[in-house]
Structure formats: structure tokens, C-alpha cells
file structure_20.tsv (TSV, C-alpha atoms)
chain	number	residue	atom	x	y	z
A	4	MET	CA	14.80	38.48	-32.18
A	5	ARG	CA	14.44	38.63	-28.41
A	6	THR	CA	16.00	42.10	-28.53
A	7	LEU	CA	13.21	43.57	-30.66
A	8	PRO	CA	10.97	44.77	-27.77
A	9	LEU	CA	13.94	46.62	-26.24
A	10	LEU	CA	14.86	48.14	-29.59
A	11	CYS	CA	11.25	49.28	-29.96
A	12	LEU	CA	11.46	51.09	-26.65
A	13	LEU	CA	14.83	52.67	-27.38
A	14	LEU	CA	14.88	53.43	-31.09
A	15	LEU	CA	11.46	53.56	-32.69
A	16	PRO	CA	8.86	56.35	-32.66
A	17	VAL	CA	6.00	56.20	-30.20
A	18	GLY	CA	3.30	53.93	-31.61
A	19	ALA	CA	5.60	51.88	-33.83
A	20	CYS	CA	5.74	48.90	-31.47
A	21	ALA	CA	2.00	49.20	-30.87
A	22	GLY	CA	1.53	48.94	-34.64
A	23	ASP	CA	3.59	45.77	-34.60
A	24	PHE	CA	1.20	44.45	-31.95
A	25	LYS	CA	-1.82	45.03	-34.18
A	26	ASP	CA	-0.10	43.46	-37.17
A	27	GLY	CA	0.82	40.45	-35.07
A	28	GLN	CA	-2.74	40.07	-33.84
A	29	GLN	CA	-4.22	40.38	-37.31
A	30	ALA	CA	-1.85	37.68	-38.52
A	31	ARG	CA	-3.82	35.24	-36.34
A	32	PRO	CA	-6.72	33.62	-38.22
A	33	ARG	CA	-9.40	34.28	-35.60
A	34	VAL	CA	-8.42	37.92	-35.20
A	35	LYS	CA	-8.21	38.42	-38.96
A	36	ALA	CA	-11.72	36.99	-39.28
A	37	ALA	CA	-12.95	39.16	-36.40
A	38	TYR	CA	-11.70	42.28	-38.19
A	39	GLN	CA	-13.34	41.19	-41.42
A	40	ARG	CA	-16.67	40.64	-39.67
A	41	HIS	CA	-16.62	43.47	-37.15
A	42	GLY	CA	-13.95	46.05	-38.00
A	43	ALA	CA	-16.28	48.49	-39.74
A	44	GLU	CA	-19.04	47.83	-37.20
A	45	VAL	CA	-16.77	48.64	-34.26
A	46	GLU	CA	-15.52	51.85	-35.86
A	47	ALA	CA	-19.11	52.91	-36.60
A	48	ALA	CA	-20.16	52.21	-33.00
A	49	PHE	CA	-17.36	54.40	-31.65
A	50	ARG	CA	-18.15	57.25	-34.03
A	51	THR	CA	-21.90	57.03	-33.37
A	52	ALA	CA	-21.28	57.19	-29.62
A	53	GLY	CA	-19.11	60.29	-30.06
A	54	ALA	CA	-15.93	58.48	-29.04
A	55	ALA	CA	-12.51	59.07	-30.54
A	56	TRP	CA	-11.50	56.79	-33.40
A	57	PRO	CA	-8.95	55.31	-33.40
A	58	PRO	CA	-9.52	54.95	-29.65
A	59	LYS	CA	-7.75	57.31	-27.29
A	60	GLY	CA	-8.60	55.00	-24.41
A	61	ILE	CA	-11.22	52.42	-23.50
A	62	PHE	CA	-12.61	51.21	-20.19
A	63	LEU	CA	-14.69	48.15	-19.26
A	64	ARG	CA	-17.20	47.96	-16.41
A	65	ALA	CA	-18.88	44.69	-15.50
A	66	PHE	CA	-21.93	44.25	-13.28
A	67	LYS	CA	-22.42	40.67	-12.15
A	68	ALA	CA	-26.08	40.99	-11.12
A	69	ASP	CA	-26.93	42.53	-14.51
A	70	ASP	CA	-24.87	40.04	-16.54
A	71	VAL	CA	-23.32	42.86	-18.55
A	72	VAL	CA	-19.93	44.22	-19.58
A	73	GLU	CA	-20.00	47.88	-20.62
A	74	LEU	CA	-17.52	49.30	-23.13
A	75	TRP	CA	-16.69	52.96	-22.58
A	76	ALA	CA	-14.31	55.10	-24.63
A	77	ALA	CA	-12.61	58.48	-24.46
A	78	PRO	CA	-14.03	61.32	-26.55
A	79	PRO	CA	-12.02	63.13	-29.25
A	80	LYS	CA	-11.33	66.10	-26.96
A	81	ALA	CA	-8.75	65.40	-24.25
A	82	GLY	CA	-10.10	65.51	-20.71
A	83	GLY	CA	-13.73	64.96	-21.66
A	84	ARG	CA	-16.12	62.43	-20.17
A	85	TYR	CA	-16.00	58.91	-21.53
A	86	VAL	CA	-19.00	57.77	-23.55
A	87	LYS	CA	-20.61	54.35	-23.56
A	88	VAL	CA	-20.06	52.57	-26.85
A	89	ARG	CA	-21.85	49.30	-26.25
A	90	ASP	CA	-23.16	46.77	-23.74
A	91	PHE	CA	-22.04	43.14	-24.02
A	92	ALA	CA	-24.25	40.46	-22.49
A	93	VAL	CA	-22.52	38.02	-20.15
A	94	CYS	CA	-24.12	34.78	-21.29
A	95	ALA	CA	-23.24	32.40	-18.43
A	96	ARG	CA	-22.70	32.90	-14.72
A	97	SER	CA	-20.88	31.06	-11.96
A	98	GLY	CA	-20.55	31.78	-8.27
A	99	VAL	CA	-22.43	34.41	-6.30
A	100	LEU	CA	-22.08	38.12	-5.54
A	101	GLY	CA	-18.90	38.79	-3.61
A	102	PRO	CA	-15.14	38.57	-4.07
A	103	LYS	CA	-13.06	35.65	-5.24
A	104	ARG	CA	-11.04	34.32	-2.31
A	105	ARG	CA	-9.43	31.08	-3.44
A	106	VAL	CA	-8.74	28.77	-6.35
A	107	GLY	CA	-11.69	26.60	-7.32
A	108	ASP	CA	-14.43	28.68	-5.69
A	109	PHE	CA	-15.95	29.47	-9.13
A	110	GLN	CA	-16.22	33.12	-8.16
A	111	VAL	CA	-15.91	35.98	-10.63
A	112	PRO	CA	-13.57	38.45	-8.90
A	113	GLU	CA	-14.87	41.87	-7.93
A	114	GLY	CA	-12.60	44.88	-7.84
A	115	PHE	CA	-10.27	46.87	-10.06
A	116	PHE	CA	-8.15	45.19	-12.70
A	117	THR	CA	-6.48	45.76	-16.05
A	118	ILE	CA	-6.25	43.70	-19.21
A	119	ASP	CA	-2.67	42.50	-19.30
A	120	ARG	CA	-2.76	39.87	-22.06
A	121	PHE	CA	-4.47	39.05	-25.33
A	122	ASN	CA	-4.99	35.44	-26.40
A	123	PRO	CA	-5.88	35.08	-30.10
A	124	GLN	CA	-5.70	31.28	-29.85
A	125	SER	CA	-7.77	30.80	-26.71
A	126	SER	CA	-9.58	27.54	-26.00
A	127	TYR	CA	-12.54	29.89	-25.59
A	128	HIS	CA	-12.30	31.47	-29.06
A	129	LEU	CA	-10.69	34.81	-28.14
A	130	SER	CA	-9.85	36.06	-24.67
A	131	LEU	CA	-8.65	39.11	-22.76
A	132	GLY	CA	-6.83	38.35	-19.50
A	133	LEU	CA	-7.27	40.28	-16.25
A	134	ASP	CA	-4.33	40.88	-13.92
A	135	TYR	CA	-6.03	38.98	-11.08
A	136	PRO	CA	-4.80	38.36	-8.44
A	137	THR	CA	-3.50	41.78	-7.46
A	138	VAL	CA	-1.93	42.40	-4.07
A	139	ALA	CA	-5.36	43.50	-2.83
A	140	ASP	CA	-6.88	40.18	-3.90
A	141	ARG	CA	-4.09	38.20	-2.25
A	142	ALA	CA	-4.85	39.96	1.03
A	143	ARG	CA	-8.30	38.34	1.07
A	144	THR	CA	-6.98	34.84	0.47
A	145	PRO	CA	-6.48	32.65	3.56
A	146	ARG	CA	-2.83	32.00	4.39
A	147	GLY	CA	-1.46	29.01	2.54
A	148	VAL	CA	-4.28	29.00	-0.01
A	149	SER	CA	-3.90	29.93	-3.68
A	150	PRO	CA	-6.09	32.85	-4.79
A	151	GLY	CA	-6.48	31.27	-8.22
A	152	GLY	CA	-5.89	33.06	-11.50
A	153	ASP	CA	-6.48	32.97	-15.24
A	154	ILE	CA	-9.54	35.22	-15.17
A	155	PHE	CA	-10.61	36.27	-18.66
A	156	VAL	CA	-13.30	37.95	-20.67
A	157	HIS	CA	-13.71	35.30	-23.36
A	158	GLY	CA	-15.97	33.64	-25.90
A	159	GLN	CA	-17.66	30.23	-26.06
A	160	CYS	CA	-20.29	31.12	-23.41
A	161	VAL	CA	-18.99	28.76	-20.72
A	162	THR	CA	-17.49	29.72	-17.37
A	163	ILE	CA	-16.04	28.55	-14.09
A	164	GLY	CA	-15.33	32.05	-12.81
A	165	CYS	CA	-14.74	34.28	-15.84
A	166	LEU	CA	-16.87	36.74	-17.85
A	167	PRO	CA	-18.04	34.80	-20.92
A	168	LEU	CA	-19.62	36.30	-24.04
A	169	GLN	CA	-20.99	34.73	-27.16
A	170	ASP	CA	-18.31	34.45	-29.84
A	171	ASP	CA	-19.74	37.17	-32.09
A	172	PRO	CA	-19.74	39.98	-29.49
A	173	MET	CA	-16.41	38.73	-28.14
A	174	GLU	CA	-14.91	39.31	-31.56
A	175	ALA	CA	-16.18	42.91	-31.58
A	176	LEU	CA	-14.83	43.56	-28.09
A	177	TYR	CA	-11.49	42.00	-29.00
A	178	VAL	CA	-11.20	44.25	-32.06
A	179	ALA	CA	-11.88	47.32	-29.89
A	180	ALA	CA	-9.25	46.21	-27.38
A	181	VAL	CA	-6.65	45.56	-30.09
A	182	GLU	CA	-7.29	49.01	-31.53
A	183	ALA	CA	-6.87	50.63	-28.11
A	184	ARG	CA	-3.68	48.69	-27.44
A	185	SER	CA	-2.32	49.59	-30.87
A	186	GLN	CA	-2.81	53.26	-30.02
A	187	GLY	CA	-0.61	52.90	-26.96
A	188	GLN	CA	-3.03	51.93	-24.17
A	189	SER	CA	-0.87	49.28	-22.54
A	190	ARG	CA	-3.28	48.58	-19.68
A	191	ILE	CA	-7.03	48.68	-20.23
A	192	PRO	CA	-8.92	49.14	-16.94
A	193	VAL	CA	-11.64	46.65	-16.05
A	194	HIS	CA	-13.84	47.33	-13.01
A	195	VAL	CA	-16.04	44.48	-11.79
A	196	PHE	CA	-18.89	45.24	-9.39
A	197	PRO	CA	-21.65	43.10	-7.87
A	198	CYS	CA	-24.27	45.63	-9.03
A	199	ARG	CA	-24.67	49.39	-9.45
A	200	LEU	CA	-23.59	50.51	-6.03
A	201	ASP	CA	-25.54	53.77	-5.95
A	202	GLN	CA	-28.86	52.18	-6.90
A	203	PRO	CA	-31.45	51.37	-4.19
A	204	ASP	CA	-32.15	47.84	-5.43
A	205	CYS	CA	-28.44	47.07	-5.34
A	206	GLN	CA	-28.13	48.41	-1.81
A	207	VAL	CA	-31.06	46.27	-0.65
A	208	LYS	CA	-29.55	43.18	-2.26
A	209	LEU	CA	-26.11	43.75	-0.80
A	210	GLY	CA	-27.57	44.59	2.59
A	211	ALA	CA	-29.35	41.25	2.75
A	212	LEU	CA	-26.19	39.37	1.78
A	213	SER	CA	-24.08	41.35	4.25
A	214	ALA	CA	-26.44	40.37	7.07
A	215	GLN	CA	-25.46	36.76	6.39
A	216	ASP	CA	-21.74	37.54	5.99
A	217	PRO	CA	-20.67	40.80	7.71
A	218	GLU	CA	-17.27	40.77	5.94
A	219	LEU	CA	-19.05	41.47	2.67
A	220	ALA	CA	-20.25	44.87	3.87
A	221	GLY	CA	-16.67	45.98	4.46
A	222	PHE	CA	-15.50	44.64	1.12
A	223	TRP	CA	-18.27	46.29	-0.88
A	224	GLY	CA	-17.61	49.53	1.00
A	225	LEU	CA	-14.09	49.44	-0.43
A	226	LEU	CA	-15.49	49.27	-3.97
A	227	ARG	CA	-17.65	52.38	-3.63
A	228	PRO	CA	-14.98	55.10	-4.03
A	229	GLY	CA	-13.83	53.68	-7.37
A	230	TYR	CA	-17.39	53.25	-8.59
A	231	LEU	CA	-18.47	56.73	-7.52
A	232	ALA	CA	-15.34	58.38	-8.94
A	233	PHE	CA	-16.25	57.31	-12.46
A	234	GLU	CA	-19.90	58.25	-11.95
A	235	ALA	CA	-18.81	61.74	-10.85
A	236	THR	CA	-16.10	62.54	-13.39
A	237	GLY	CA	-16.94	60.31	-16.33
A	238	ARG	CA	-13.30	59.24	-16.48
A	239	PRO	CA	-11.80	56.02	-15.10
A	240	PRO	CA	-9.97	56.82	-11.87
A	241	ARG	CA	-6.40	55.79	-11.29
A	242	VAL	CA	-6.69	52.82	-8.93
A	243	THR	CA	-3.78	51.28	-7.03
A	244	PRO	CA	-4.26	47.96	-5.20
A	245	LEU	CA	-2.87	47.94	-1.67
A	246	LYS	CA	-1.51	45.12	0.46
A	247	ASP	CA	-4.20	45.59	3.11
A	248	GLY	CA	-6.86	44.53	0.60
A	249	SER	CA	-8.08	48.04	-0.22
A	250	TRP	CA	-7.47	50.34	-3.18
A	251	GLN	CA	-6.16	53.86	-3.48
A	252	VAL	CA	-8.51	55.75	-5.79
A	253	ASP	CA	-7.38	58.95	-7.48
A	254	PRO	CA	-10.15	60.56	-9.57
A	255	ARG	CA	-9.15	62.09	-12.88

call {"tool": "encode", "arguments": {"input": "structure_20.tsv", "output": "C-alpha cells"}}
result
Amino acid sequence: MRTLPLLCLLLLPVGACAGDFKDGQQARPRVKAAYQRHGAEVEAAFRTAGAAWPPKGIFLRAFKADDVVELWAAPPKAGGRYVKVRDFAVCARSGVLGPKRRVGDFQVPEGFFTIDRFNPQSSYHLSLGLDYPTVADRARTPRGVSPGGDIFVHGQCVTIGCLPLQDDPMEALYVAAVEARSQGQSRIPVHVFPCRLDQPDCQVKLGALSAQDPELAGFWGLLRPGYLAFEATGRPPRVTPLKDGSWQVDPR
């Protein structure tokens, strides 16, 4: 059975393996229940927002100061601007504004990530794992110190450095992510910002914090191109983490 993923890649039509993924997820009791409770609701939210259904692509943006995770989705017409489907309230907070630098600092990472794993049996109800630490994150970690890991968007409304939601909205978000993955979106982008970087109140807040820690100003400056690219084009940019701690941002 270990050869099945390779056979999927070599022999089966595009989308067949993704369908197996959805079937496998729905075989899990919590995911099955989430679909029963929220499947129709999630589809209706996408259609009402003018997004493609089934999803042609989704994108998450989180703003720590606002305690919110935004769900955006591609429209039916290729190349169009993404539309916002829903806001999800982050129901508990740990750490402060700024990057995560080491294991145990309780910080929610800031930067550009992707969802690289689904956990239908999470200790926190359901969870979506971020690919932290990237090479950019490792560059900010002191030598000899672990950057930490296991950063998730999850349920149960408890946190020591993740993005927690109440179980009910987490189920809806999980359903949307499973649908996107089942349509072939292997990596779902997740951008985490301290606040809305083009807003005056955010700039005042970050300016005050940067006065206390000048390194923060440089870090937040590195986030701006990725933030502004989406604001300008309405499409998630292609972001590549670099070993010097920065990101290459290619607008789409």
C-alpha cells in the first residue's frame, strides 16, 4: 500500500488522488460531523461571496492585533481578484506583536507560510498545520537555539503560540480547506501579520514598538511587500522564503 501515492502520481487522472484525500478525511468521525454540520453552509458562503465552488484556490490572512483569520477564495473566472468569504475570530492570544524567534517564547509567528498538513484527530479538535519554521524563520533564531514548530490553526480555543478558533468555526474552516485540497491545491497560503500594515493606527502601533526594539522595524519592513502585493492585485503573491530571513515576493 505504500506504493499508492506514487501510482496516483504516475497512473491516475489529475484530481483522482485529491479525491482520495477527501474521502480519507471524511472517513474520520470529526470531519464527517463537520461536513454534516457545515458542508452546505460553507458552499453557500462561497457562492454568496462570488467565489468559485468547488474552490479553485483559497488563501488565509491573519492579523494578530485584530484577532482575526480571513478566508479568501478565487472567483469562478481565472485570473480574477480573490473575494473574502468569511472572517474567523481568533478566540485566545499568546505572546506579543513580532516574530517567533525560539521554542517556548509563546509567540505566534509572523510571515508567509502554507498549510502543509491536516490533522482530523487533533488534541485541539481539528487542526491545520503551518510549515513553520521556514528557512527565513530559522535565520532569525539565535545559533544553537531551536526555532520551535508545530504551529497550527486549530479548535478548542486554547493557545501557546498558535491561532485558535472555537470548535464550530474551526469545523467550517477545515471543510473549506479539505475542499480546496481535494481540488488540487496542495499548499494553501497563510500570511500572518501584526496588523494591517497600510493603516495609520497600525503604523503608529508598530512605530512605538520599534522604538523599543529597532530590529522589529526591519522585520516588519520585510512583511510589507507581500502584504501590499495582495492589496494591489487581489491575488496571493508567490512568496519564497530566503536564507537571509527575507522573502522574495512575486505578485500575480

call {"tool": "atom_distance", "arguments": {"input": "structure_20.tsv", "atom1": "atom CA of A:Ser130", "atom2": "atom CA of A:Asp69"}}
result
20.9 Å

call {"tool": "closest_residue", "arguments": {"input": "structure_20.tsv", "among": "A:Gly147, A:Pro228, A:Pro32, A:Pro172", "to": "A:Gln159", "atoms": "all atoms listed in the file"}}
result
A:Pro172

call {"tool": "closest_residue", "arguments": {"input": "structure_20.tsv", "among": "A:Leu131, A:Asp26, A:Ala175, A:Val93", "to": "A:Gln39", "atoms": "all atoms listed in the file"}}
result
A:Ala175

call {"tool": "closest_residue", "arguments": {"input": "structure_20.tsv", "among": "A:Phe62, A:Phe233, A:Phe155, A:Trp56", "to": "A:Arg89", "atoms": "only C-alpha atoms"}}
result
A:Phe62

call {"tool": "residues_around", "arguments": {"input": "structure_20.tsv", "residues": "stretch 126-129 of chain A", "least_positions_apart": "5", "cutoff": "7 Å", "atoms": "only C-alpha atoms", "output": "list in words"}}
result
His157, Gly158, Gln159, Asp170 and Met173 of chain A

call {"tool": "axis_aligned_box", "arguments": {"input": "structure_20.tsv", "around": "stretch 200-203 of chain A", "padding_each_side": "6 Å", "output": "JSON"}}
result
{"center_x": -27.5, "center_y": 52.1, "center_z": -5.5, "size_x": 19.9, "size_y": 15.3, "size_z": 14.7}

call {"tool": "atom_distance", "arguments": {"input": "structure_20.tsv", "atom1": "atom CA of A:Asp23", "atom2": "atom CA of A:Phe121"}}
result
14.0 Å

call {"tool": "closest_residue", "arguments": {"input": "structure_20.tsv", "among": "A:Gly42, A:Gly221, A:Pro136, A:Pro79", "to": "A:Val178", "atoms": "all atoms listed in the file"}}
result
A:Gly42

call {"tool": "residues_around", "arguments": {"input": "structure_20.tsv", "residues": "A:Trp250", "least_positions_apart": "2", "cutoff": "12 Å", "atoms": "all atoms listed in the file", "output": "compact mmCIF listing (two decimals) with C-alpha atoms, keeping the file's coordinate frame"}}
result
# COMPACT_ATOMS: atom_id res chain seq x y z
CA GLY A 114 -12.60 44.88 -7.84
CA PHE A 115 -10.27 46.87 -10.06
CA PHE A 116 -8.15 45.19 -12.70
CA THR A 137 -3.50 41.78 -7.46
CA VAL A 138 -1.93 42.40 -4.07
CA ALA A 139 -5.36 43.50 -2.83
CA ASP A 140 -6.88 40.18 -3.90
CA ALA A 142 -4.85 39.96 1.03
CA PHE A 222 -15.50 44.64 1.12
CA TRP A 223 -18.27 46.29 -0.88
CA GLY A 224 -17.61 49.53 1.00
CA LEU A 225 -14.09 49.44 -0.43
CA LEU A 226 -15.49 49.27 -3.97
CA ARG A 227 -17.65 52.38 -3.63
CA PRO A 228 -14.98 55.10 -4.03
CA GLY A 229 -13.83 53.68 -7.37
CA TYR A 230 -17.39 53.25 -8.59
CA PRO A 240 -9.97 56.82 -11.87
CA ARG A 241 -6.40 55.79 -11.29
CA VAL A 242 -6.69 52.82 -8.93
CA THR A 243 -3.78 51.28 -7.03
CA PRO A 244 -4.26 47.96 -5.20
CA LEU A 245 -2.87 47.94 -1.67
CA LYS A 246 -1.51 45.12 0.46
CA ASP A 247 -4.20 45.59 3.11
CA GLY A 248 -6.86 44.53 0.60
CA VAL A 252 -8.51 55.75 -5.79
CA ASP A 253 -7.38 58.95 -7.48

call {"tool": "residues_around", "arguments": {"input": "structure_20.tsv", "residues": "A:Tyr85", "least_positions_apart": "5", "cutoff": "6 Å", "atoms": "all atoms listed in the file", "output": "ChimeraX atom specification"}}
result
/A:76-78,237-238

call {"tool": "write_last_selection", "arguments": {"input": "structure_20.tsv", "atoms": "C-alpha atoms", "output": "compact mmCIF listing (two decimals), keeping the file's coordinate frame"}}
result
# COMPACT_ATOMS: atom_id res chain seq x y z
CA ALA A 76 -14.31 55.10 -24.63
CA ALA A 77 -12.61 58.48 -24.46
CA PRO A 78 -14.03 61.32 -26.55
CA GLY A 237 -16.94 60.31 -16.33
CA ARG A 238 -13.30 59.24 -16.48

call {"tool": "closest_residue", "arguments": {"input": "structure_20.tsv", "among": "A:Val181, A:Ile154, A:Leu100, A:Ala214", "to": "A:Pro123", "atoms": "all atoms listed in the file"}}
result
A:Val181

call {"tool": "atom_distance", "arguments": {"input": "structure_20.tsv", "atom1": "atom CA of A:Val45", "atom2": "atom CA of A:Leu176"}}
result
8.2 Å

call {"tool": "decode", "arguments": {"input": "structure_20.tsv", "residues": "stretch 56-81 of chain A", "atoms": "N, CA and C atoms", "output": "short mmCIF file (atom, residue, chain, number, x, y, z; two decimals), in the first residue's frame"}}
result
data_model
loop_
_atom_site.label_atom_id
_atom_site.label_comp_id
_atom_site.auth_asym_id
_atom_site.auth_seq_id
_atom_site.Cartn_x
_atom_site.Cartn_y
_atom_site.Cartn_z
N TRP A 56 -17.01 27.55 -6.66
CA TRP A 56 -17.32 26.35 -5.89
C TRP A 56 -17.50 25.17 -6.84
N PRO A 57 -16.80 24.08 -6.62
CA PRO A 57 -15.78 23.85 -5.59
C PRO A 57 -14.64 24.86 -5.73
N PRO A 58 -13.88 25.07 -4.65
CA PRO A 58 -12.86 26.12 -4.66
C PRO A 58 -11.79 25.91 -5.72
N LYS A 59 -11.43 27.00 -6.37
CA LYS A 59 -10.29 26.98 -7.29
C LYS A 59 -9.01 27.44 -6.60
N GLY A 60 -9.12 27.78 -5.34
CA GLY A 60 -7.98 28.23 -4.55
C GLY A 60 -8.47 29.03 -3.38
N ILE A 61 -7.88 28.82 -2.21
CA ILE A 61 -8.20 29.63 -1.05
C ILE A 61 -6.92 30.21 -0.47
N PHE A 62 -7.09 31.19 0.39
CA PHE A 62 -5.96 31.95 0.95
C PHE A 62 -6.40 32.45 2.32
N LEU A 63 -5.53 32.30 3.32
CA LEU A 63 -5.82 32.78 4.66
C LEU A 63 -4.89 33.93 5.01
N ARG A 64 -5.48 34.99 5.59
CA ARG A 64 -4.69 36.09 6.16
C ARG A 64 -5.08 36.24 7.62
N ALA A 65 -4.08 36.35 8.48
CA ALA A 65 -4.33 36.53 9.91
C ALA A 65 -3.72 37.85 10.35
N PHE A 66 -4.46 38.56 11.20
CA PHE A 66 -3.99 39.81 11.78
C PHE A 66 -4.04 39.68 13.29
N LYS A 67 -2.86 39.64 13.91
CA LYS A 67 -2.78 39.35 15.33
C LYS A 67 -3.47 40.42 16.18
N ALA A 68 -3.26 41.70 15.85
CA ALA A 68 -3.85 42.76 16.65
C ALA A 68 -5.37 42.77 16.57
N ASP A 69 -5.92 42.27 15.46
CA ASP A 69 -7.37 42.23 15.27
C ASP A 69 -7.99 40.90 15.70
N ASP A 70 -7.16 39.94 16.07
CA ASP A 70 -7.66 38.61 16.47
C ASP A 70 -8.58 38.03 15.41
N VAL A 71 -8.10 37.99 14.17
CA VAL A 71 -8.95 37.51 13.08
C VAL A 71 -8.13 36.71 12.07
N VAL A 72 -8.77 35.69 11.52
CA VAL A 72 -8.25 34.97 10.35
C VAL A 72 -9.26 35.17 9.24
N GLU A 73 -8.81 35.70 8.12
CA GLU A 73 -9.68 35.93 6.96
C GLU A 73 -9.56 34.76 5.98
N LEU A 74 -10.69 34.32 5.46
CA LEU A 74 -10.72 33.30 4.41
C LEU A 74 -11.07 33.98 3.09
N TRP A 75 -10.15 33.91 2.14
CA TRP A 75 -10.34 34.44 0.80
C TRP A 75 -10.37 33.28 -0.19
N ALA A 76 -11.04 33.50 -1.33
CA ALA A 76 -11.14 32.42 -2.32
C ALA A 76 -11.14 32.99 -3.73
N ALA A 77 -10.66 32.19 -4.66
CA ALA A 77 -10.60 32.58 -6.06
C ALA A 77 -12.01 32.66 -6.65
N PRO A 78 -12.22 33.58 -7.59
CA PRO A 78 -13.51 33.68 -8.27
C PRO A 78 -13.64 32.61 -9.35
N PRO A 79 -14.83 32.46 -9.92
CA PRO A 79 -15.00 31.46 -10.99
C PRO A 79 -14.12 31.73 -12.21
N LYS A 80 -13.92 32.99 -12.56
CA LYS A 80 -13.13 33.34 -13.74
C LYS A 80 -11.65 33.36 -13.40
N ALA A 81 -10.85 32.64 -14.15
CA ALA A 81 -9.42 32.56 -13.90
C ALA A 81 -8.78 33.95 -13.99
#
